[in-house]
Amino acid sequence: MAKMSIEIVAFIISVSGFILISSTVPTDYWKVSTIDGTVITTATFWANLWKTCVTDSTGVSNCKEFPSMLALDAYIQVCRGLTIAGVCLGFFASIFSLVGMKCTKIGGSESIKRKITFFAGMLFILSGLSSVIAFSWYANRITAQFFDPMIIEQKYELGAALFIGWAGSSLSLLGGTIFCFSLSDDKDSPSYLWAGGTEI
C-alpha cells in the first residue's frame, strides 16, 4: 500500500512537471523588454522560440515569425530541440508510468510492471534534464546580452515561460527520481530488475 501511494505521488508530481514544460512551448514571454513613457508603458517587446512581437499601450500586438530555421541563432535551434524532446519524453513517460503503476490493472506481471515503472522514471528524469538545459541556456544568453556593455540594442529580461519551465523541469526530475527509488528495496532494486529477476 505504501509503494502504491508513493507511485501515485510520483505520478502526480511528474505529470504536473510534464504539463508545465509543455505549456512553455507556445507561451509568449520567454524574454521581455519594455519602453516606458512618462506615465504609462508605451511598448512591450517580447519573444519566444517561434516569433518576436511588440505590444503597444493600446494592447495591439504586431508579431513577426522567425523567417528561416537555418537563419536562426544556434542557441534558439538547440533550445527548440531540447524543449520538444523534453515534451516527447514526458509524454511517453506518462504512458509508461500508467502501465507500470501498481494501482493499474494493465502491464502484465509484477516484475514486468516494476521494469516499466523504472523505465518511466528514467524517461521523466531525461525529460527534466533536457528541458532544464534548454531553459537555462536561453536564460544565460539573455543575461549575458543584458550585462554586455558592448551591446547597445534593445535588451531583454527573463520572461515568465523560463520560470514556469524551471518549475516543470524540477518536478519532472523529482517525480522521476521518486519512481526510480520506489523500487530500490529488496528485490525491487534496479540491478535486480535489469538482471531479469536474478540476484546479482
# chains A, B, ... in the order shown; residues from 1 in each chain; ligands from 1
$ residues_around --residues "stretch 12-26 of chain A" --least-positions-apart "4" --cutoff "9 Å" --atoms "only C-alpha atoms" --output "PDB file with N, CA and C atoms, in the first residue's frame"
ATOM      1  N   GLU A   7       3.990   5.756  -5.579  1.00  0.00           N
ATOM      2  CA  GLU A   7       3.889   5.824  -7.039  1.00  0.00           C
ATOM      3  C   GLU A   7       2.850   6.842  -7.481  1.00  0.00           C
ATOM      4  N   ILE A   8       1.744   6.933  -6.750  1.00  0.00           N
ATOM      5  CA  ILE A   8       0.705   7.905  -7.105  1.00  0.00           C
ATOM      6  C   ILE A   8       1.234   9.330  -6.930  1.00  0.00           C
ATOM      7  N   TRP A  30       9.121  34.400 -23.329  1.00  0.00           N
ATOM      8  CA  TRP A  30      10.396  33.789 -22.983  1.00  0.00           C
ATOM      9  C   TRP A  30      11.389  34.890 -22.604  1.00  0.00           C
ATOM     10  N   ASN A  48       9.605  34.511 -28.120  1.00  0.00           N
ATOM     11  CA  ASN A  48       9.692  33.124 -27.661  1.00  0.00           C
ATOM     12  C   ASN A  48      10.540  32.353 -28.673  1.00  0.00           C
ATOM     13  N   LEU A  49      10.337  31.057 -28.742  1.00  0.00           N
ATOM     14  CA  LEU A  49      11.146  30.246 -29.658  1.00  0.00           C
ATOM     15  C   LEU A  49      10.701  30.349 -31.108  1.00  0.00           C
ATOM     16  N   TRP A  50       9.574  30.988 -31.344  1.00  0.00           N
ATOM     17  CA  TRP A  50       8.990  30.959 -32.685  1.00  0.00           C
ATOM     18  C   TRP A  50       8.820  32.326 -33.320  1.00  0.00           C
ATOM     19  N   ARG A  80      14.902  24.887 -28.998  1.00  0.00           N
ATOM     20  CA  ARG A  80      13.715  24.278 -29.599  1.00  0.00           C
ATOM     21  C   ARG A  80      13.772  22.757 -29.512  1.00  0.00           C
ATOM     22  N   THR A  83      13.606  21.407 -25.853  1.00  0.00           N
ATOM     23  CA  THR A  83      12.276  21.566 -25.254  1.00  0.00           C
ATOM     24  C   THR A  83      11.290  20.568 -25.838  1.00  0.00           C
ATOM     25  N   ILE A  84      11.302  20.403 -27.152  1.00  0.00           N
ATOM     26  CA  ILE A  84      10.399  19.438 -27.782  1.00  0.00           C
ATOM     27  C   ILE A  84      10.765  18.014 -27.372  1.00  0.00           C
ATOM     28  N   GLY A  86      12.037  17.209 -24.496  1.00  0.00           N
ATOM     29  CA  GLY A  86      11.514  17.077 -23.140  1.00  0.00           C
ATOM     30  C   GLY A  86      10.030  16.793 -23.111  1.00  0.00           C
ATOM     31  N   VAL A  87       9.286  17.448 -24.001  1.00  0.00           N
ATOM     32  CA  VAL A  87       7.839  17.206 -24.080  1.00  0.00           C
ATOM     33  C   VAL A  87       7.554  15.774 -24.542  1.00  0.00           C
ATOM     34  N   LEU A  89       9.539  13.074 -24.387  1.00  0.00           N
ATOM     35  CA  LEU A  89       9.954  12.123 -23.358  1.00  0.00           C
ATOM     36  C   LEU A  89       8.952  12.100 -22.208  1.00  0.00           C
ATOM     37  N   GLY A  90       8.462  13.277 -21.820  1.00  0.00           N
ATOM     38  CA  GLY A  90       7.465  13.332 -20.756  1.00  0.00           C
ATOM     39  C   GLY A  90       6.157  12.666 -21.138  1.00  0.00           C
ATOM     40  N   PHE A  91       5.779  12.792 -22.406  1.00  0.00           N
ATOM     41  CA  PHE A  91       4.538  12.160 -22.879  1.00  0.00           C
ATOM     42  C   PHE A  91       4.635  10.640 -22.779  1.00  0.00           C
ATOM     43  N   ALA A  93       6.771   8.941 -21.001  1.00  0.00           N
ATOM     44  CA  ALA A  93       6.951   8.566 -19.606  1.00  0.00           C
ATOM     45  C   ALA A  93       5.612   8.496 -18.880  1.00  0.00           C
ATOM     46  N   SER A  94       4.707   9.418 -19.192  1.00  0.00           N
ATOM     47  CA  SER A  94       3.382   9.400 -18.566  1.00  0.00           C
ATOM     48  C   SER A  94       2.625   8.124 -18.913  1.00  0.00           C
ATOM     49  N   GLY A 121      10.370   6.250 -14.905  1.00  0.00           N
ATOM     50  CA  GLY A 121      11.101   7.192 -14.071  1.00  0.00           C
ATOM     51  C   GLY A 121      12.324   7.747 -14.771  1.00  0.00           C
ATOM     52  N   PHE A 124      11.227  10.346 -17.310  1.00  0.00           N
ATOM     53  CA  PHE A 124      10.894  11.619 -16.665  1.00  0.00           C
ATOM     54  C   PHE A 124      12.170  12.389 -16.309  1.00  0.00           C
ATOM     55  N   SER A 127      13.562  13.820 -19.446  1.00  0.00           N
ATOM     56  CA  SER A 127      12.717  14.941 -19.855  1.00  0.00           C
ATOM     57  C   SER A 127      13.067  16.191 -19.065  1.00  0.00           C
ATOM     58  N   GLY A 128      13.215  16.039 -17.746  1.00  0.00           N
ATOM     59  CA  GLY A 128      13.573  17.182 -16.915  1.00  0.00           C
ATOM     60  C   GLY A 128      14.943  17.734 -17.236  1.00  0.00           C
ATOM     61  N   SER A 131      14.968  19.591 -20.639  1.00  0.00           N
ATOM     62  CA  SER A 131      14.232  20.852 -20.536  1.00  0.00           C
ATOM     63  C   SER A 131      14.992  21.897 -19.743  1.00  0.00           C
ATOM     64  N   ALA A 160       8.303  34.993 -18.195  1.00  0.00           N
ATOM     65  CA  ALA A 160       7.588  34.061 -17.311  1.00  0.00           C
ATOM     66  C   ALA A 160       7.762  32.618 -17.744  1.00  0.00           C
ATOM     67  N   ALA A 161       7.891  32.373 -19.051  1.00  0.00           N
ATOM     68  CA  ALA A 161       7.992  30.999 -19.551  1.00  0.00           C
ATOM     69  C   ALA A 161       9.203  30.277 -18.978  1.00  0.00           C
ATOM     70  N   LEU A 162      10.297  30.999 -18.759  1.00  0.00           N
ATOM     71  CA  LEU A 162      11.507  30.368 -18.232  1.00  0.00           C
ATOM     72  C   LEU A 162      11.295  29.894 -16.796  1.00  0.00           C
ATOM     73  N   ILE A 164       8.390  29.145 -15.412  1.00  0.00           N
ATOM     74  CA  ILE A 164       7.467  28.012 -15.490  1.00  0.00           C
ATOM     75  C   ILE A 164       8.224  26.762 -15.924  1.00  0.00           C
ATOM     76  N   GLY A 165       9.116  26.913 -16.893  1.00  0.00           N
ATOM     77  CA  GLY A 165       9.894  25.780 -17.378  1.00  0.00           C
ATOM     78  C   GLY A 165      10.809  25.200 -16.322  1.00  0.00           C
ATOM     79  N   TRP A 166      11.466  26.080 -15.548  1.00  0.00           N
ATOM     80  CA  TRP A 166      12.326  25.591 -14.468  1.00  0.00           C
ATOM     81  C   TRP A 166      11.522  24.826 -13.426  1.00  0.00           C
ATOM     82  N   ALA A 167      10.337  25.331 -13.110  1.00  0.00           N
ATOM     83  CA  ALA A 167       9.483  24.631 -12.141  1.00  0.00           C
ATOM     84  C   ALA A 167       9.074  23.263 -12.681  1.00  0.00           C
ATOM     85  N   GLY A 168       8.665  23.212 -13.956  1.00  0.00           N
ATOM     86  CA  GLY A 168       8.266  21.947 -14.562  1.00  0.00           C
ATOM     87  C   GLY A 168       9.413  20.950 -14.636  1.00  0.00           C
ATOM     88  N   SER A 169      10.601  21.434 -14.986  1.00  0.00           N
ATOM     89  CA  SER A 169      11.772  20.555 -15.057  1.00  0.00           C
ATOM     90  C   SER A 169      12.103  19.977 -13.685  1.00  0.00           C
ATOM     91  N   SER A 170      12.018  20.813 -12.656  1.00  0.00           N
ATOM     92  CA  SER A 170      12.298  20.343 -11.297  1.00  0.00           C
ATOM     93  C   SER A 170      11.301  19.278 -10.865  1.00  0.00           C
ATOM     94  N   LEU A 171      10.032  19.477 -11.200  1.00  0.00           N
ATOM     95  CA  LEU A 171       9.017  18.491 -10.849  1.00  0.00           C
ATOM     96  C   LEU A 171       9.240  17.177 -11.594  1.00  0.00           C
ATOM     97  N   SER A 172       9.605  17.259 -12.856  1.00  0.00           N
ATOM     98  CA  SER A 172       9.871  16.035 -13.628  1.00  0.00           C
ATOM     99  C   SER A 172      11.061  15.272 -13.051  1.00  0.00           C
ATOM    100  N   LEU A 173      12.118  15.992 -12.708  1.00  0.00           N
ATOM    101  CA  LEU A 173      13.291  15.350 -12.106  1.00  0.00           C
ATOM    102  C   LEU A 173      12.938  14.716 -10.763  1.00  0.00           C
ATOM    103  N   LEU A 174      12.169  15.435  -9.943  1.00  0.00           N
ATOM    104  CA  LEU A 174      11.791  14.913  -8.631  1.00  0.00           C
ATOM    105  C   LEU A 174      10.892  13.692  -8.762  1.00  0.00           C
ATOM    106  N   GLY A 175       9.862  13.789  -9.619  1.00  0.00           N
ATOM    107  CA  GLY A 175       8.951  12.666  -9.797  1.00  0.00           C
ATOM    108  C   GLY A 175       9.640  11.448 -10.371  1.00  0.00           C
ATOM    109  N   GLY A 176      10.503  11.642 -11.364  1.00  0.00           N
ATOM    110  CA  GLY A 176      11.231  10.520 -11.944  1.00  0.00           C
ATOM    111  C   GLY A 176      12.151   9.852 -10.938  1.00  0.00           C
TER     112      GLY A 176
END
$ select_by_dssp --residues "stretch 2-118 of chain A" --states "strand (DSSP E)" --output "ChimeraX atom specification"
/A:31-36,41-47,51-56,61-65
$ atom_distance --atom1 "atom CA of A:Val78" --atom2 "atom CA of A:Ala134"
7.3 Å
$ select_by_dssp --residues "stretch 53-191 of chain A" --states "helix (DSSP H, G or I)" --output "PyMOL selection string"
chain A and resi 74-100+110-146+160-181+186-188+190-191
$ atom_distance --atom1 "atom CA of A:Val54" --atom2 "atom CA of A:Asn140"
22.4 Å
$ residues_around --residues "A:Lys155" --least-positions-apart "6" --cutoff "9 Å" --atoms "only C-alpha atoms" --output "list in words"
Val32, Ser33, Ile142, Gln145, Phe146 and Phe147 of chain A
$ atom_distance --atom1 "atom CA of A:Phe119" --atom2 "atom CA of A:Gly100"
9.0 Å
$ closest_residue --among "A:Leu82, A:Ile116, A:Ala43, A:Ile152" --to "A:Met101" --atoms "only C-alpha atoms"
A:Ile116
$ residues_around --residues "A:Pro67" --least-positions-apart "6" --cutoff "12 Å" --atoms "only C-alpha atoms" --output "PyMOL selection string"
chain A and resi 50-52+73
$ write_last_selection --atoms "C-alpha atoms" --output "PDB file, in the first residue's frame"
ATOM      1  CA  TRP A  50       8.990  30.959 -32.685  1.00  0.00           C
ATOM      2  CA  LYS A  51       8.430  34.704 -33.087  1.00  0.00           C
ATOM      3  CA  THR A  52       9.207  38.185 -31.830  1.00  0.00           C
ATOM      4  CA  ASP A  73      20.844  31.637 -33.896  1.00  0.00           C
TER       5      ASP A  73
END
